[in-house]
$ cat structure_8.tsv   # TSV, C-alpha atoms and all ligand atoms
chain	number	residue	atom	x	y	z
Q	1091	MET	CA	68.44	69.87	139.29
Q	1092	PRO	CA	71.52	71.99	138.53
Q	1093	TRP	CA	73.98	69.03	138.37
Q	1094	THR	CA	75.02	67.20	135.26
Q	1095	ASN	CA	74.42	63.42	135.30
Q	1096	GLY	CA	78.13	62.72	135.87
Q	1097	LYS	CA	78.33	65.00	138.90
Q	1098	MET	CA	75.07	63.60	140.23
Q	1099	GLN	CA	76.46	60.07	139.93
Q	1100	MET	CA	79.60	61.00	141.88
Q	1101	ALA	CA	77.52	62.67	144.59
Q	1102	ILE	CA	75.39	59.54	145.03
Q	1103	GLU	CA	78.48	57.31	145.24
Q	1104	LYS	CA	79.97	59.53	147.94
Q	1105	SER	CA	76.87	59.61	150.13
Q	1106	SER	CA	75.21	56.20	149.72
Q	1107	ARG	CA	76.63	52.67	149.99
Q	1108	PHE	CA	74.36	51.49	147.18
Q	1109	GLU	CA	72.97	53.19	144.11
Q	1110	PHE	CA	69.24	52.93	144.70
Q	1111	ASP	CA	68.39	54.46	141.30
Q	1112	LEU	CA	69.12	50.99	139.91
Q	1113	LEU	CA	66.33	49.24	141.77
Q	1114	ALA	CA	63.85	52.07	142.32
Q	1115	ASN	CA	61.31	50.61	139.87
Q	1116	LYS	CA	61.04	47.30	141.71
Q	1117	TYR	CA	61.68	48.56	145.25
Q	1118	ASP	CA	58.01	48.45	146.34
Q	1119	SER	CA	57.57	44.82	145.25
Q	1120	TRP	CA	58.99	43.70	148.64
Q	1121	TYR	CA	56.13	45.46	150.42
Q	1122	GLU	CA	53.65	43.67	148.11
Q	1123	SER	CA	54.98	40.14	148.79
Q	1124	THR	CA	53.27	37.94	151.40
Q	1125	LYS	CA	56.20	38.04	153.82
Q	1126	GLY	CA	56.99	41.68	153.06
Q	1127	ARG	CA	53.42	42.67	153.95
Q	1128	MET	CA	53.71	40.94	157.32
Q	1129	TYR	CA	57.07	42.54	158.16
Q	1130	ASP	CA	55.67	45.90	157.08
Q	1131	ARG	CA	52.63	45.49	159.33
Q	1132	LEU	CA	54.75	44.64	162.39
Q	1133	GLU	CA	57.30	47.38	161.69
Q	1134	LYS	CA	54.58	50.03	161.29
Q	1135	LYS	CA	52.99	48.95	164.55
Q	1136	ALA	CA	56.36	49.28	166.29
Q	1137	ILE	CA	57.17	52.70	164.81
Q	1138	GLY	CA	53.59	53.82	165.60
Q	1139	ARG	CA	54.26	53.11	169.29
Q	1140	HIS	CA	57.03	55.75	169.22
Q	1141	LEU	CA	54.93	58.49	167.63
Q	1142	PRO	CA	53.24	61.25	169.65
Q	1143	PRO	CA	49.45	60.96	170.10
Q	1144	SER	CA	48.84	64.40	168.67
Q	1145	THR	CA	50.33	65.26	165.27
Q	1146	LYS	CA	48.19	68.29	164.39
Q	1147	GLY	CA	50.35	70.90	162.66
Q	1148	LYS	CA	53.50	68.86	163.28
Q	1149	LYS	CA	56.23	68.72	160.68
Q	1150	LEU	CA	58.12	65.49	160.02
Q	1151	LEU	CA	61.29	65.14	157.97
Q	1152	GLU	CA	62.00	61.70	156.55
Q	1153	VAL	CA	65.64	61.13	155.56
Q	1154	GLY	CA	66.14	58.41	152.94
Q	1155	CYS	CA	62.40	58.32	152.16
Q	1156	GLY	CA	62.94	56.14	149.08
Q	1157	THR	CA	59.70	55.58	147.17
Q	1158	GLY	CA	57.67	57.31	149.87
Q	1159	HIS	CA	56.36	54.08	151.40
Q	1160	TRP	CA	56.86	55.31	154.98
Q	1161	SER	CA	56.07	58.92	154.02
Q	1162	GLN	CA	52.57	57.69	153.20
Q	1163	PHE	CA	52.31	56.13	156.67
Q	1164	PHE	CA	53.53	59.35	158.36
Q	1165	SER	CA	51.14	61.44	156.26
Q	1166	LYS	CA	48.19	59.18	157.20
Q	1167	TYR	CA	49.27	59.61	160.81
Q	1168	GLY	CA	48.65	63.36	160.41
Q	1169	PHE	CA	52.14	64.80	159.89
Q	1170	GLU	CA	53.09	67.35	157.29
Q	1171	VAL	CA	55.86	65.32	155.64
Q	1172	THR	CA	59.04	66.39	153.88
Q	1173	GLY	CA	60.85	63.45	152.31
Q	1174	VAL	CA	64.44	63.60	151.10
Q	1175	ASP	CA	66.56	61.01	149.37
Q	1176	VAL	CA	69.82	61.04	147.50
Q	1177	SER	CA	68.36	58.88	144.70
Q	1178	GLU	CA	66.61	60.96	142.06
Q	1179	ARG	CA	64.70	57.94	140.75
Q	1180	MET	CA	63.36	57.05	144.20
Q	1181	ILE	CA	62.21	60.66	144.64
Q	1182	ASP	CA	60.46	60.60	141.22
Q	1183	ILE	CA	58.49	57.53	142.33
Q	1184	ALA	CA	57.63	59.11	145.71
Q	1185	LYS	CA	56.36	62.23	143.93
Q	1186	SER	CA	54.29	60.18	141.48
Q	1187	LYS	CA	52.26	58.75	144.39
Q	1188	ASN	CA	50.73	62.18	145.12
Q	1189	ILE	CA	50.79	61.55	148.86
Q	1190	SER	CA	48.73	64.18	150.64
Q	1191	ASN	CA	50.56	66.64	152.89
Q	1192	ALA	CA	53.92	65.40	151.62
Q	1193	SER	CA	56.63	66.98	149.49
Q	1194	PHE	CA	59.81	65.37	148.22
Q	1195	GLN	CA	63.23	66.55	147.14
Q	1196	VAL	CA	66.64	65.14	146.30
Q	1197	ALA	CA	69.04	65.83	149.17
Q	1198	ASP	CA	71.93	64.17	150.98
Q	1199	GLY	CA	71.41	63.27	154.63
Q	1200	HIS	CA	75.02	64.23	155.37
Q	1201	SER	CA	74.18	67.85	154.61
Q	1202	LEU	CA	70.48	68.57	154.90
Q	1203	PRO	CA	69.18	71.72	153.15
Q	1204	PHE	CA	67.06	72.93	156.11
Q	1205	ALA	CA	67.51	75.51	158.84
Q	1206	ASP	CA	68.16	74.47	162.46
Q	1207	ASP	CA	65.09	73.32	164.44
Q	1208	THR	CA	62.74	73.22	161.40
Q	1209	PHE	CA	60.99	69.91	162.18
Q	1210	ASN	CA	59.15	68.44	165.18
Q	1211	VAL	CA	60.09	64.89	164.24
Q	1212	THR	CA	62.89	63.57	162.03
Q	1213	ALA	CA	62.75	59.96	160.90
Q	1214	ALA	CA	65.09	57.57	159.10
Q	1215	ILE	CA	63.70	54.13	158.32
Q	1216	THR	CA	66.23	51.58	157.00
Q	1217	THR	CA	68.40	54.48	155.87
Q	1218	LEU	CA	71.29	54.71	158.35
Q	1219	GLU	CA	72.56	51.30	157.22
Q	1220	PHE	CA	73.01	52.65	153.69
Q	1221	VAL	CA	74.61	56.06	154.24
Q	1222	HIS	CA	78.38	56.49	154.25
Q	1223	ASP	CA	78.58	58.08	157.67
Q	1224	ALA	CA	75.63	57.42	159.98
Q	1225	LYS	CA	77.08	59.67	162.70
Q	1226	THR	CA	77.11	62.72	160.42
Q	1227	VAL	CA	73.58	61.97	159.20
Q	1228	VAL	CA	72.24	61.69	162.77
Q	1229	ARG	CA	74.04	64.94	163.68
Q	1230	GLU	CA	72.28	66.62	160.74
Q	1231	MET	CA	68.93	65.13	161.75
Q	1232	VAL	CA	69.38	66.53	165.27
Q	1233	ARG	CA	70.35	69.95	163.91
Q	1234	CYS	CA	67.13	70.15	161.84
Q	1235	THR	CA	64.89	69.03	164.74
Q	1236	ASP	CA	63.28	71.29	167.34
Q	1237	LYS	CA	65.43	70.91	170.49
Q	1238	ARG	CA	62.61	71.79	172.93
Q	1239	GLU	CA	60.29	68.85	172.21
Q	1240	GLY	CA	61.70	67.19	169.12
Q	1241	LEU	CA	61.96	63.48	168.41
Q	1242	LEU	CA	64.13	61.31	166.24
Q	1243	ILE	CA	62.48	58.12	165.00
Q	1244	ILE	CA	64.85	55.45	163.72
Q	1245	GLY	CA	64.28	52.02	162.19
Q	1246	VAL	CA	67.22	49.80	161.23
Q	1247	LEU	CA	67.83	46.19	160.21
Q	1248	ASN	CA	69.22	43.97	162.93
Q	1249	THR	CA	72.54	42.31	162.24
Q	1250	LEU	CA	71.72	39.58	164.81
Q	1251	ALA	CA	68.66	38.39	162.85
Q	1252	ARG	CA	69.35	35.28	160.80
Q	1253	PHE	CA	67.06	36.55	158.00
Q	1254	ASN	CA	69.23	39.68	157.62
Q	1255	ARG	CA	72.52	37.77	157.79
Q	1256	LYS	CA	71.29	35.58	154.92
Q	1257	ARG	CA	70.31	38.68	152.97
Q	1258	GLN	CA	73.84	40.05	153.45
Q	1259	GLN	CA	75.40	36.88	152.04
Q	1260	ASP	CA	73.94	37.62	148.60
Q	1261	SER	CA	76.74	39.73	147.14
Q	1262	GLU	CA	74.40	41.18	144.50
Q	1263	SER	CA	71.89	42.46	147.06
Q	1264	ILE	CA	71.62	45.95	148.56
Q	1265	TYR	CA	72.27	44.37	151.97
Q	1266	ALA	CA	75.77	43.13	151.07
Q	1267	LYS	CA	77.13	46.68	151.28
Q	1268	ALA	CA	74.93	47.81	154.16
Q	1269	GLN	CA	76.20	48.45	157.69
Q	1270	LEU	CA	73.55	46.83	159.88
Q	1271	PHE	CA	73.21	47.49	163.62
Q	1272	SER	CA	72.72	45.21	166.61
Q	1273	PRO	CA	70.29	46.32	169.37
Q	1274	SER	CA	73.22	47.05	171.73
Q	1275	GLY	CA	75.18	48.80	168.96
Q	1276	LEU	CA	72.23	51.05	168.14
Q	1277	LYS	CA	71.76	51.77	171.85
Q	1278	GLN	CA	75.38	52.80	172.22
Q	1279	PHE	CA	75.18	54.89	169.06
Q	1280	LEU	CA	72.02	56.83	170.01
Q	1281	GLU	CA	72.30	57.12	173.81
Q	1282	PRO	CA	74.49	60.27	173.66
Q	1283	VAL	CA	71.85	61.99	171.48
Q	1284	GLY	CA	68.95	62.09	173.97
Q	1285	LYS	CA	66.47	60.05	176.00
Q	1286	LEU	CA	66.26	56.72	174.20
Q	1287	VAL	CA	63.55	54.07	173.89
Q	1288	ILE	CA	64.53	51.05	171.83
Q	1289	ALA	CA	62.69	47.86	170.76
Q	1290	THR	CA	63.44	44.83	168.62
Q	1291	VAL	CA	60.56	43.50	166.51
Q	1292	GLY	CA	59.95	41.58	163.28
Q	1293	PHE	CA	59.71	38.01	164.57
Q	1294	VAL	CA	58.20	36.25	161.56
Q	1295	PRO	CA	58.10	32.44	161.09
Q	1296	LYS	CA	60.13	31.12	158.18
Q	1297	GLN	CA	57.26	29.10	156.70
Q	1298	ASN	CA	54.31	31.01	155.21
Q	1299	LEU	CA	51.94	28.42	156.71
Q	1300	PHE	CA	52.69	29.84	160.17
Q	1301	LEU	CA	52.60	33.48	159.07
Q	1302	PRO	CA	49.26	34.22	160.82
Q	1303	LEU	CA	51.05	33.52	164.13
Q	1304	ALA	CA	53.58	36.30	163.49
Q	1305	PRO	CA	51.78	39.08	165.44
Q	1306	VAL	CA	51.64	36.90	168.58
Q	1307	ILE	CA	55.27	35.76	168.27
Q	1308	ASP	CA	56.28	39.35	167.57
Q	1309	THR	CA	54.57	40.63	170.72
Q	1310	LEU	CA	56.28	37.95	172.82
Q	1311	GLY	CA	59.67	38.69	171.25
Q	1312	ARG	CA	59.30	42.40	171.94
Q	1313	ILE	CA	58.05	42.03	175.51
Q	1314	LEU	CA	60.74	39.50	176.40
Q	1315	HIS	CA	63.44	41.71	174.79
Q	1316	ILE	CA	64.65	38.90	172.56
Q	1317	PRO	CA	67.41	40.55	170.50
Q	1318	TYR	CA	66.96	38.58	167.24
Q	1319	GLY	CA	64.01	40.31	165.53
Q	1320	VAL	CA	64.62	41.62	162.02
Q	1321	PHE	CA	63.95	45.29	162.78
Q	1322	ILE	CA	65.14	47.58	165.57
Q	1323	THR	CA	63.15	50.73	166.32
Q	1324	ALA	CA	64.28	53.70	168.37
Q	1325	LYS	CA	62.77	56.92	169.62
Q	1326	VAL	CA	65.11	59.63	170.85
Q	1327	LYS	CA	63.66	62.58	172.76
Q	1328	LEU	CA	66.06	65.48	172.27
G	1401	LIG	C1	66.64	50.64	152.01
G	1401	LIG	S1	66.14	52.15	151.32
G	1401	LIG	C2	64.84	52.65	152.44
G	1401	LIG	C3	63.80	53.53	151.79
G	1401	LIG	C4	62.62	53.86	152.69
G	1401	LIG	N1	63.02	54.52	153.90
G	1401	LIG	C5	61.86	52.59	153.02
G	1401	LIG	O1	62.04	52.07	154.14
G	1401	LIG	O2	61.07	52.12	152.18
G	1401	LIG	C6	67.44	53.27	151.78
G	1401	LIG	C7	67.26	54.64	151.17
G	1401	LIG	O3	68.25	55.52	151.70
G	1401	LIG	C8	68.67	56.39	150.66
G	1401	LIG	N2	69.96	56.97	151.00
G	1401	LIG	C9	71.17	56.36	151.07
G	1401	LIG	N3	72.13	57.24	151.39
G	1401	LIG	C10	71.51	58.43	151.55
G	1401	LIG	C11	71.97	59.72	151.91
G	1401	LIG	N4	73.25	59.97	152.16
G	1401	LIG	N5	71.07	60.74	151.99
G	1401	LIG	C12	69.76	60.50	151.72
G	1401	LIG	N6	69.27	59.30	151.38
G	1401	LIG	C13	70.12	58.28	151.29
G	1401	LIG	C14	68.70	55.48	149.44
G	1401	LIG	O4	68.74	56.20	148.24
G	1401	LIG	C15	67.43	54.67	149.65
G	1401	LIG	O5	66.31	55.25	149.04

$ encode --input "structure_8.tsv" --output "structure tokens"
Amino acid sequence: MPWTNGKMQMAIEKSSRFEFDLLANKYDSWYESTKGRMYDRLEKKAIGRHLPPSTKGKKLLEVGCGTGHWSQFFSKYGFEVTGVDVSERMIDIAKSKNISNASFQVADGHSLPFADDTFNVTAAITTLEFVHDAKTVVREMVRCTDKREGLLIIGVLNTLARFNRKRQQDSESIYAKAQLFSPSGLKQFLEPVGKLVIATVGFVPKQNLFLPLAPVIDTLGRILHIPYGVFITAKVKL
């Protein structure tokens, strides 16, 4: 990394709404909690529905890959994964997981270090809420994606979900500074980019006792297009 620490710090502050280096070490603990595991299961199912059936030889770029949690999912799915993140500490953790068919590097989503049309799929999962300028990041994602058959895969937190609104009220949390989307806001934002499929998922009961019912409630919420699920997923065919 050719930057000094001071310059690196300034670059992170300019590109991200939150300095993820500070919580990189404990970031994965959410995915290990009882509720976190259930949300993760439902979110992966929903993103999986957007992915192509054949991934052989396909290259996927993940912008804001964090600790590589989703990179692992994409790698298991059969993609050759390139993960980028502006947080050096998050990238160190992703690298330490030795995920097969995945490589990681520090890079800013506002200015991706890849040639036009390099990837078949470009994904950003709970990243657009944390960048300074989501429009520029999406424009960069499109530039790096193959225009003939390429896909963008997006996952964002829903501002209409009560669970997320509560998270945002905690001024110390990463969510306080995040710019969440509503289902209609995301639709409006992504419709000009290509052919869009959007879904709202992540309907999980508040009490852990009822957690086993979550997959059924989630299916109903998605099918009935109830706009209050925690997570919004989108597929854009370029
Ligand atoms: C909430 S975390 C999500 C991490 C991962 N996608 C996941 O879902 O586990 C948001 C990530 O976006 C990264 N990020 C924020 N701004 C960025 C930017 N401009 N370019 C690249 N990554 C960025 C953060 O460093 C952080 O790792």

$ atom_distance --input "structure_8.tsv" --atom1 "CA of Lys1277 (chain Q)" --atom2 "CA of Ala1324 (chain Q)"
8.5 Å

$ closest_residue --input "structure_8.tsv" --among "Q:Asn1248, Q:Ser1193, Q:Gln1278, Q:Ser1263" --to "Phe1293 (chain Q)" --atoms "all atoms listed in the file"
Q:Asn1248

$ residues_around --input "structure_8.tsv" --residues "Ala1214 (chain Q)" --least-positions-apart "5" --cutoff "9 Å" --atoms "all atoms listed in the file" --output "ChimeraX atom specification"
/Q:1151-1155,1231,1242-1246

$ atom_distance --input "structure_8.tsv" --atom1 "CA of Leu1280 (chain Q)" --atom2 "CA of Trp1160 (chain Q)"
21.4 Å

$ residues_near_ligand --input "structure_8.tsv" --ligand "ligand LIG 1401 (chain G)" --cutoff "8 Å" --atoms "all atoms listed in the file" --output "VMD selection string"
chain Q and resid 1102 1104 to 1111 1114 1117 to 1118 1152 to 1160 1174 to 1177 1180 1196 to 1200 1214 to 1223 1227 1264

$ closest_residue --input "structure_8.tsv" --among "Q:Pro1142, Q:Pro1203, Q:Gly1311, Q:Gly1168" --to "Ala1289 (chain Q)" --atoms "only C-alpha atoms"
Q:Gly1311

$ closest_residue --input "structure_8.tsv" --among "Q:Pro1305, Q:Pro1317, Q:Gly1292, Q:Gly1284" --to "Ile1137 (chain Q)" --atoms "only C-alpha atoms"
Q:Gly1292

$ closest_residue --input "structure_8.tsv" --among "Q:Lys1135, Q:Ile1181, Q:Ser1144, Q:Ala1192" --to "Gln1162 (chain Q)" --atoms "all atoms listed in the file"
Q:Ala1192

$ closest_residue --input "structure_8.tsv" --among "Q:Gln1297, Q:Thr1235, Q:Asn1188, Q:Thr1226" --to "Asp1207 (chain Q)" --atoms "all atoms listed in the file"
Q:Thr1235
